[in-house]
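> Handing over work_25.tsv, TSV, C-alpha atoms.
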```
chain	number	residue	atom	x	y	z
A	3	MET	CA	-112.95	-29.40	136.14
A	4	ASP	CA	-110.02	-27.65	134.39
A	5	ALA	CA	-110.05	-23.96	133.42
A	6	LYS	CA	-111.22	-24.61	129.88
A	7	ASN	CA	-114.19	-26.67	131.01
A	8	ALA	CA	-115.03	-24.09	133.69
A	9	ASN	CA	-115.17	-21.41	130.99
A	10	LEU	CA	-117.30	-23.63	128.83
A	11	ALA	CA	-119.70	-24.22	131.71
A	12	ALA	CA	-119.93	-20.47	132.36
A	13	GLU	CA	-120.65	-19.80	128.69
A	14	GLN	CA	-123.38	-22.38	128.67
A	15	GLU	CA	-125.00	-20.96	131.75
A	16	PHE	CA	-128.04	-18.80	131.24
A	17	ILE	CA	-129.02	-16.05	133.66
A	18	ILE	CA	-132.14	-14.01	134.26
A	19	THR	CA	-132.74	-11.57	137.07
A	20	ARG	CA	-135.55	-9.47	138.55
A	21	THR	CA	-135.76	-7.05	141.48
A	22	PHE	CA	-138.86	-7.11	143.66
A	23	ASN	CA	-140.00	-4.34	145.96
A	24	ALA	CA	-140.20	-6.66	148.96
A	25	LEU	CA	-137.99	-7.92	151.78
A	26	ARG	CA	-135.93	-11.02	151.14
A	27	LEU	CA	-137.76	-13.21	153.63
A	28	LYS	CA	-141.08	-12.46	151.91
A	29	VAL	CA	-139.69	-13.36	148.49
A	30	TRP	CA	-138.05	-16.49	149.87
A	31	GLN	CA	-141.33	-17.61	151.44
A	32	ALA	CA	-143.24	-16.92	148.21
A	33	TRP	CA	-140.68	-19.15	146.48
A	34	THR	CA	-140.60	-22.01	148.95
A	35	GLU	CA	-144.10	-22.37	150.39
A	36	ARG	CA	-146.66	-24.42	148.53
A	37	GLU	CA	-149.68	-22.14	149.03
A	38	GLN	CA	-147.68	-19.11	147.93
A	39	LEU	CA	-146.06	-20.79	144.91
A	40	MET	CA	-149.53	-21.66	143.72
A	41	GLN	CA	-150.37	-17.95	143.57
A	42	TRP	CA	-147.73	-16.97	141.05
A	43	PHE	CA	-145.63	-19.75	139.48
A	44	GLY	CA	-146.36	-20.25	135.80
A	45	PRO	CA	-147.06	-18.05	132.78
A	46	LYS	CA	-150.04	-15.71	132.50
A	47	GLY	CA	-153.31	-17.58	132.01
A	48	PHE	CA	-152.06	-20.74	133.76
A	49	THR	CA	-153.19	-21.89	137.18
A	50	MET	CA	-151.43	-24.47	139.28
A	51	SER	CA	-153.73	-27.46	139.32
A	52	TYR	CA	-151.40	-29.72	141.30
A	53	ALA	CA	-148.56	-29.03	143.72
A	54	LYS	CA	-146.67	-31.30	146.06
A	55	LEU	CA	-143.76	-29.73	147.89
A	56	ASP	CA	-141.16	-31.39	150.07
A	57	LEU	CA	-138.63	-28.67	150.84
A	58	ARG	CA	-135.42	-30.42	151.91
A	59	PRO	CA	-132.27	-31.56	150.11
A	60	GLY	CA	-133.37	-34.65	148.19
A	61	GLY	CA	-137.01	-33.53	148.34
A	62	VAL	CA	-139.12	-32.64	145.31
A	63	PHE	CA	-141.58	-29.96	144.20
A	64	HIS	CA	-143.89	-31.57	141.65
A	65	TYR	CA	-146.34	-29.27	139.89
A	66	GLY	CA	-149.00	-29.26	137.22
A	67	LEU	CA	-150.04	-26.11	135.37
A	68	ARG	CA	-153.23	-25.77	133.36
A	69	SER	CA	-154.35	-23.05	130.99
A	70	ALA	CA	-157.92	-21.88	130.46
A	71	ASN	CA	-158.11	-23.84	127.20
A	72	GLY	CA	-156.97	-27.05	128.91
A	73	GLN	CA	-153.27	-27.05	127.96
A	74	GLU	CA	-151.27	-28.92	130.62
A	75	MET	CA	-147.66	-28.57	131.69
A	76	TRP	CA	-146.01	-30.80	134.31
A	77	GLY	CA	-142.63	-30.25	135.88
A	78	LYS	CA	-140.53	-30.81	138.94
A	79	TRP	CA	-137.72	-29.37	140.98
A	80	ALA	CA	-135.45	-31.79	142.85
A	81	PHE	CA	-133.84	-29.80	145.67
A	82	ARG	CA	-130.11	-30.13	146.22
A	83	GLU	CA	-129.18	-27.26	148.48
A	84	ILE	CA	-131.39	-25.01	150.59
A	85	VAL	CA	-129.83	-22.00	152.31
A	86	ALA	CA	-132.78	-19.99	153.64
A	87	PRO	CA	-133.36	-17.22	152.73
A	88	LYS	CA	-130.39	-16.79	150.38
A	89	LYS	CA	-129.92	-19.62	147.96
A	90	LEU	CA	-131.74	-22.49	146.35
A	91	VAL	CA	-130.05	-25.12	144.18
A	92	LEU	CA	-132.25	-27.60	142.37
A	93	VAL	CA	-132.53	-29.82	139.33
A	94	SER	CA	-135.38	-28.74	137.09
A	95	SER	CA	-137.04	-31.02	134.56
A	96	PHE	CA	-140.24	-31.71	132.70
A	97	SER	CA	-142.31	-34.50	134.17
A	98	ASP	CA	-145.48	-36.51	133.75
A	99	ALA	CA	-148.43	-36.42	136.14
A	100	GLN	CA	-146.83	-39.19	138.23
A	101	GLY	CA	-143.62	-37.22	138.74
A	102	GLY	CA	-141.40	-39.20	136.37
A	103	THR	CA	-138.83	-37.21	134.38
A	104	ILE	CA	-139.74	-36.89	130.70
A	105	PRO	CA	-138.01	-35.20	127.73
A	106	ALA	CA	-139.27	-31.82	126.43
A	107	THR	CA	-142.24	-32.43	124.15
A	108	ILE	CA	-141.89	-29.57	121.67
A	109	ILE	CA	-138.16	-29.64	120.99
A	110	ASP	CA	-135.71	-32.41	120.22
A	111	ASN	CA	-132.32	-32.74	121.86
A	112	TRP	CA	-133.20	-30.64	124.90
A	113	PRO	CA	-131.30	-31.52	128.11
A	114	LEU	CA	-133.39	-33.77	130.35
A	115	GLU	CA	-132.19	-31.98	133.47
A	116	ILE	CA	-131.26	-28.36	134.07
A	117	LEU	CA	-129.26	-27.34	137.14
A	118	SER	CA	-130.88	-24.20	138.49
A	119	THR	CA	-129.27	-21.93	141.08
A	120	THR	CA	-131.45	-19.17	142.50
A	121	THR	CA	-130.00	-16.47	144.75
A	122	PHE	CA	-131.91	-13.86	146.75
A	123	GLU	CA	-130.11	-10.62	147.64
A	124	GLU	CA	-131.65	-7.82	149.68
A	125	ARG	CA	-130.69	-4.17	149.33
A	126	ASP	CA	-132.56	-1.11	150.62
A	127	GLY	CA	-135.64	-3.18	151.29
A	128	LYS	CA	-135.70	-4.62	147.76
A	129	THR	CA	-134.80	-8.14	146.76
A	130	THR	CA	-132.98	-9.17	143.61
A	131	VAL	CA	-133.56	-12.71	142.47
A	132	THR	CA	-131.01	-14.22	140.07
A	133	LEU	CA	-131.70	-17.47	138.28
A	134	ARG	CA	-128.86	-19.37	136.67
A	135	TRP	CA	-129.43	-22.40	134.47
A	136	ALA	CA	-126.96	-24.89	133.10
A	137	PRO	CA	-127.58	-28.28	131.46
A	138	LEU	CA	-126.85	-31.25	133.71
A	139	ASN	CA	-125.48	-34.61	132.51
A	140	ALA	CA	-126.28	-33.52	128.96
A	141	THR	CA	-124.94	-35.02	125.75
A	142	GLU	CA	-122.94	-32.83	123.38
A	143	VAL	CA	-125.96	-32.37	121.11
A	144	GLN	CA	-128.19	-31.43	124.06
A	145	TYR	CA	-125.61	-28.89	125.27
A	146	GLN	CA	-125.58	-27.35	121.84
A	147	THR	CA	-129.36	-27.11	121.52
A	148	PHE	CA	-129.53	-25.45	124.95
A	149	THR	CA	-126.72	-22.99	124.17
A	150	LYS	CA	-127.94	-22.05	120.71
A	151	MET	CA	-131.46	-21.47	121.92
A	152	HIS	CA	-130.20	-19.30	124.80
A	153	ASP	CA	-127.85	-17.42	122.47
A	154	SER	CA	-130.87	-16.63	120.34
A	155	MET	CA	-132.67	-15.27	123.39
A	156	ARG	CA	-129.68	-13.33	124.64
A	157	GLN	CA	-128.58	-11.69	121.40
A	158	GLY	CA	-131.85	-11.57	119.53
A	159	TRP	CA	-129.91	-13.24	116.71
A	160	GLY	CA	-127.37	-10.42	116.69
A	161	GLY	CA	-129.32	-7.50	115.28
A	162	THR	CA	-130.39	-9.31	112.12
A	163	PHE	CA	-133.29	-10.54	114.21
A	164	GLU	CA	-134.99	-7.13	113.99
A	165	GLN	CA	-134.96	-7.40	110.21
A	166	LEU	CA	-136.28	-10.95	110.32
A	167	GLU	CA	-138.86	-9.99	112.90
A	168	ALA	CA	-140.13	-7.16	110.69
A	169	TYR	CA	-140.30	-9.64	107.84
A	170	LEU	CA	-142.13	-12.19	109.98
A	171	GLY	CA	-144.58	-9.49	111.00
A	172	LYS	CA	-145.35	-8.91	107.33
A	173	SER	CA	-145.70	-12.52	106.26
B	25	MET	CA	-143.11	-32.01	112.59
B	26	LEU	CA	-142.43	-29.05	114.84
B	27	ARG	CA	-139.94	-30.74	117.14
B	28	ASP	CA	-137.77	-31.99	114.29
B	29	HIS	CA	-137.44	-28.47	112.97
B	30	LEU	CA	-136.52	-26.60	116.11
B	31	SER	CA	-133.09	-27.93	116.98
B	32	THR	CA	-132.09	-27.86	113.29
B	33	THR	CA	-133.33	-24.29	112.98
B	34	PHE	CA	-131.36	-23.19	116.06
B	35	SER	CA	-128.21	-24.82	114.66
B	36	ALA	CA	-128.66	-23.09	111.32
B	37	LEU	CA	-129.25	-19.73	113.00
B	38	ALA	CA	-126.21	-20.08	115.28
B	39	ASP	CA	-123.89	-18.78	112.53
B	40	PRO	CA	-123.65	-15.00	111.85
B	41	THR	CA	-123.05	-15.45	108.10
B	42	ARG	CA	-126.18	-17.54	107.75
B	43	ARG	CA	-128.20	-15.01	109.74
B	44	ALA	CA	-126.89	-12.24	107.46
B	45	ILE	CA	-127.87	-14.29	104.39
B	46	LEU	CA	-131.40	-14.70	105.76
B	47	ALA	CA	-131.64	-10.99	106.56
B	48	ARG	CA	-130.57	-10.23	102.97
B	49	LEU	CA	-133.23	-12.55	101.61
B	50	THR	CA	-136.00	-10.68	103.42
B	51	SER	CA	-135.91	-8.17	100.56
B	52	GLY	CA	-136.61	-10.83	97.91
B	53	GLU	CA	-135.08	-13.69	95.93
B	54	THR	CA	-131.38	-13.34	95.18
B	55	SER	CA	-128.67	-15.14	93.23
B	56	VAL	CA	-125.75	-16.86	94.94
B	57	SER	CA	-123.23	-14.37	93.55
B	58	GLU	CA	-125.29	-11.45	94.84
B	59	LEU	CA	-125.51	-13.11	98.23
B	60	ALA	CA	-121.76	-13.74	98.29
B	61	ALA	CA	-120.85	-10.15	97.35
B	62	PRO	CA	-120.88	-8.58	100.88
B	63	PHE	CA	-118.79	-11.42	102.37
B	64	GLU	CA	-115.12	-12.10	101.95
B	65	MET	CA	-115.85	-15.68	101.10
B	66	THR	CA	-115.46	-17.98	98.16
B	67	ALA	CA	-118.53	-19.17	96.28
B	68	PRO	CA	-118.08	-22.75	97.57
B	69	ALA	CA	-118.02	-21.44	101.16
B	70	ILE	CA	-121.27	-19.55	100.58
B	71	THR	CA	-122.78	-22.60	98.90
B	72	LYS	CA	-121.94	-24.61	102.03
B	73	HIS	CA	-123.90	-22.17	104.19
B	74	LEU	CA	-126.79	-22.22	101.72
B	75	LYS	CA	-126.91	-25.99	101.97
B	76	VAL	CA	-127.26	-25.81	105.76
B	77	LEU	CA	-130.05	-23.25	105.40
B	78	GLU	CA	-131.75	-25.35	102.73
B	79	GLN	CA	-131.57	-28.50	104.88
B	80	ALA	CA	-133.11	-26.58	107.79
B	81	GLY	CA	-135.93	-25.56	105.46
B	82	LEU	CA	-135.09	-21.88	105.92
B	83	ILE	CA	-134.50	-21.25	102.21
B	84	THR	CA	-135.54	-22.84	98.95
B	85	ARG	CA	-133.55	-22.75	95.70
B	86	SER	CA	-135.44	-22.64	92.45
B	87	ARG	CA	-134.56	-25.32	89.89
B	88	GLN	CA	-136.26	-23.52	87.05
B	89	ALA	CA	-133.88	-20.68	86.35
B	90	GLN	CA	-130.28	-21.58	85.61
B	91	TRP	CA	-128.98	-19.08	88.17
B	92	ARG	CA	-130.99	-20.92	90.84
B	93	PRO	CA	-132.23	-17.95	92.92
B	94	CYS	CA	-132.55	-18.37	96.70
B	95	GLN	CA	-135.76	-17.62	98.50
B	96	LEU	CA	-136.52	-17.23	102.20
B	97	ASN	CA	-138.94	-19.67	103.79
B	98	ALA	CA	-140.32	-18.08	106.94
B	99	ALA	CA	-142.22	-21.01	108.49
B	100	PRO	CA	-139.32	-22.50	110.56
B	101	LEU	CA	-138.39	-18.98	111.68
B	102	HIS	CA	-141.89	-18.50	112.99
B	103	GLU	CA	-141.64	-21.76	114.92
B	104	ALA	CA	-138.27	-20.84	116.41
B	105	ALA	CA	-139.47	-17.34	117.34
B	106	ASP	CA	-142.63	-18.76	118.93
B	107	PHE	CA	-140.64	-21.29	120.94
B	108	ILE	CA	-138.21	-18.67	122.23
B	109	GLU	CA	-141.10	-16.38	123.11
B	110	HIS	CA	-142.92	-19.17	124.92
B	111	TYR	CA	-139.81	-20.10	126.89
B	112	ARG	CA	-138.99	-16.48	127.80
B	113	GLN	CA	-142.55	-15.75	128.82
B	114	PHE	CA	-142.66	-18.61	131.32
B	115	TRP	CA	-140.34	-16.74	133.68
B	116	GLU	CA	-141.11	-13.16	132.63
B	117	GLN	CA	-144.79	-13.71	133.32
B	118	SER	CA	-144.15	-15.70	136.50
B	119	PHE	CA	-142.05	-12.75	137.72
B	120	ASP	CA	-144.87	-10.33	136.85
B	121	ARG	CA	-147.32	-12.46	138.79
B	122	LEU	CA	-144.93	-12.76	141.76
B	123	ASP	CA	-144.46	-8.98	141.72
B	124	ALA	CA	-148.23	-8.44	141.82
B	125	TYR	CA	-148.62	-11.10	144.51
B	126	LEU	CA	-145.90	-9.58	146.73
B	127	LYS	CA	-147.61	-6.18	146.50
B	128	THR	CA	-150.75	-7.66	148.01
B	129	MET	CA	-148.61	-9.11	150.84
B	130	GLN	CA	-146.55	-6.00	151.58
B	131	PRO	CA	-147.12	-4.28	154.91
B	132	PRO	CA	-146.64	-0.57	154.03
B	133	PRO	CA	-144.30	2.18	155.45
B	134	ILE	CA	-142.84	0.85	158.75
B	135	THR	CA	-140.37	-1.67	157.28
B	136	GLN	CA	-139.00	1.03	154.95
B	137	LYS	CA	-138.10	3.47	157.76
B	138	ILE	CA	-135.61	1.25	159.57
B	139	PRO	CA	-132.93	0.94	156.85
B	140	ILE	CA	-133.04	4.73	156.26
B	141	ALA	CA	-132.49	5.43	159.96
B	142	LYS	CA	-129.54	3.02	159.93
B	143	LYS	CA	-127.91	4.87	157.07
B	144	ILE	CA	-128.25	8.50	158.20
B	145	SER	CA	-127.60	8.09	161.88
B	146	PRO	CA	-124.34	6.48	163.03
B	147	ALA	CA	-125.63	6.95	166.56
B	148	TYR	CA	-128.44	4.52	165.77
B	149	LYS	CA	-125.93	1.95	164.62
B	150	GLU	CA	-123.77	2.32	167.72
B	151	LYS	CA	-126.76	2.11	169.92
B	152	LYS	CA	-127.89	-1.01	168.14
B	153	ASN	CA	-124.47	-2.66	168.32
B	154	GLY	CA	-124.20	-1.71	171.96
B	155	ARG	CA	-127.49	-3.32	172.63
B	156	LYS	CA	-126.38	-6.45	170.86
B	157	LYS	CA	-123.31	-6.87	173.09
B	158	ARG	CA	-125.32	-6.80	176.22
```
Kindly return the structure encoded in the file as structure tokens.

Amino acid sequence: MDAKNANLAAEQEFIITRTFNALRLKVWQAWTEREQLMQWFGPKGFTMSYAKLDLRPGGVFHYGLRSANGQEMWGKWAFREIVAPKKLVLVSSFSDAQGGTIPATIIDNWPLEILSTTTFEERDGKTTVTLRWAPLNATEVQYQTFTKMHDSMRQGWGGTFEQLEAYLGKS
Amino acid sequence: MLRDHLSTTFSALADPTRRAILARLTSGETSVSELAAPFEMTAPAITKHLKVLEQAGLITRSRQAQWRPCQLNAAPLHEAADFIEHYRQFWEQSFDRLDAYLKTMQPPPITQKIPIAKKISPAYKEKKNGRKKR
């Protein structure tokens, strides 16, 4: 990868972070043990209805989430690198109930696979988790959809979003 | 046709001029020359942006009046905003749930005292290192 492509990759990477008031080992275990993942992974109102976890490089975490009104969401993580309790590298994708990779259902041109790197850093008894996402093996169009969508999230459409948001609130 | 809209909407919104045009249109229908006024751009350049917005369904241009006023169409914006919100919430809410879950797991005070002792007392550190060597 030359310098220009490295920059491009960095630009297309998306990062979110959160600090938890817990020791690193606890957070790591909550992230990598099936019973614990089932307690928290997924948006509010969703419960994990299915979970199969094989934590090793080449192994897969296949999960199904279900909301109270019956909405279903299937996904999987294919583990690449596991450095307990510091780092987790995996390929994240949407899936069907059988574990096959499927494209995103509500948006076109979304990358099929996202490379996700999660790091766990402990300081003064607290643990900061950083998630980095970048499209994997994506076409140019898929890269663009991913980047534009994340730009929208990051910049809130550059200030004009507030105006549009106020307008959307009215309409 | 939600999924057809989304990637087109994100493309249209990726440009700052087009976002500014949309923001301007929130206050009502406007002519092309009025829209062009704040930008250092030629009318054809503005028209190009309007075409992108029109194709994405974000604006409509009236054919009745000769000055063809532009109007904002909020529906695709709603869809894009909903999608972003949905996507953001997946992790935000998972983090909230993990935070709550970890609190139920946390054994209180004892674990907190050790790092403080390490910091304020170099003697503790030496003692600890000494112990390690043996």
> So, counting all atoms listed in the file, which residue among B:Glu58, B:Glu53, B:Glu78, B:Glu64 is closest to Thr41 (chain B)?
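Ranked by minimum distance to Thr41 (chain B), first place goes to B:Glu64.
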> Using all atoms listed in the file, find each residue in chain A having at least one atom no more than 6 Å away from chain B; report its shortest atom-to-atom pair and that distance in Å (one decimal), rows by chain then rising number, as JSON lines.

```
{"residue": "A:Trp42", "atom": "CA", "partner": "B:Arg121", "partner_atom": "CA", "distance": 5.1}
{"residue": "A:Phe43", "atom": "CA", "partner": "B:Ser118", "partner_atom": "CA", "distance": 5.2}
{"residue": "A:Gly44", "atom": "CA", "partner": "B:Ser118", "partner_atom": "CA", "distance": 5.1}
{"residue": "A:Pro45", "atom": "CA", "partner": "B:Phe114", "partner_atom": "CA", "distance": 4.7}
{"residue": "A:Lys46", "atom": "CA", "partner": "B:Gln117", "partner_atom": "CA", "distance": 5.7}
{"residue": "A:Ile108", "atom": "CA", "partner": "B:Arg27", "partner_atom": "CA", "distance": 5.1}
{"residue": "A:Ile109", "atom": "CA", "partner": "B:Arg27", "partner_atom": "CA", "distance": 4.4}
{"residue": "A:Asp110", "atom": "CA", "partner": "B:Arg27", "partner_atom": "CA", "distance": 5.5}
{"residue": "A:Thr147", "atom": "CA", "partner": "B:Ser31", "partner_atom": "CA", "distance": 5.9}
{"residue": "A:Lys150", "atom": "CA", "partner": "B:Phe34", "partner_atom": "CA", "distance": 5.9}
{"residue": "A:Thr162", "atom": "CA", "partner": "B:Ala47", "partner_atom": "CA", "distance": 5.9}
{"residue": "A:Leu166", "atom": "CA", "partner": "B:Ala47", "partner_atom": "CA", "distance": 6.0}
```
> Quick one: distance from CA of His73 (chain B) to CA of Pro113 (chain A) in Å, one decimal?
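That distance, rounded to one decimal, is 26.7 Å.
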> Which residue is closest to Ser118 (chain A)? Choose from A:Ala99, A:Ala106, A:Ala53, A:Ala80 and count only C-alpha atoms.
A:Ala80
> Record the distance separating CA of Ser69 (chain A) and CA of Met40 (chain A), expressed in Å with one decimal.
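So the answer is 13.7 Å.
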> Tell me which residues come within 8 Å of (-144.0, -32.8, 146.2), as a compact mmCIF listing (two decimals) with C-alpha atoms, in the frame of the given file, counting all atoms listed in the file in the file's coordinates.

```
# COMPACT_ATOMS: atom_id res chain seq x y z
CA ALA A 53 -148.56 -29.03 143.72
CA LYS A 54 -146.67 -31.30 146.06
CA LEU A 55 -143.76 -29.73 147.89
CA ASP A 56 -141.16 -31.39 150.07
CA GLY A 61 -137.01 -33.53 148.34
CA VAL A 62 -139.12 -32.64 145.31
CA PHE A 63 -141.58 -29.96 144.20
CA HIS A 64 -143.89 -31.57 141.65
CA TYR A 65 -146.34 -29.27 139.89
```
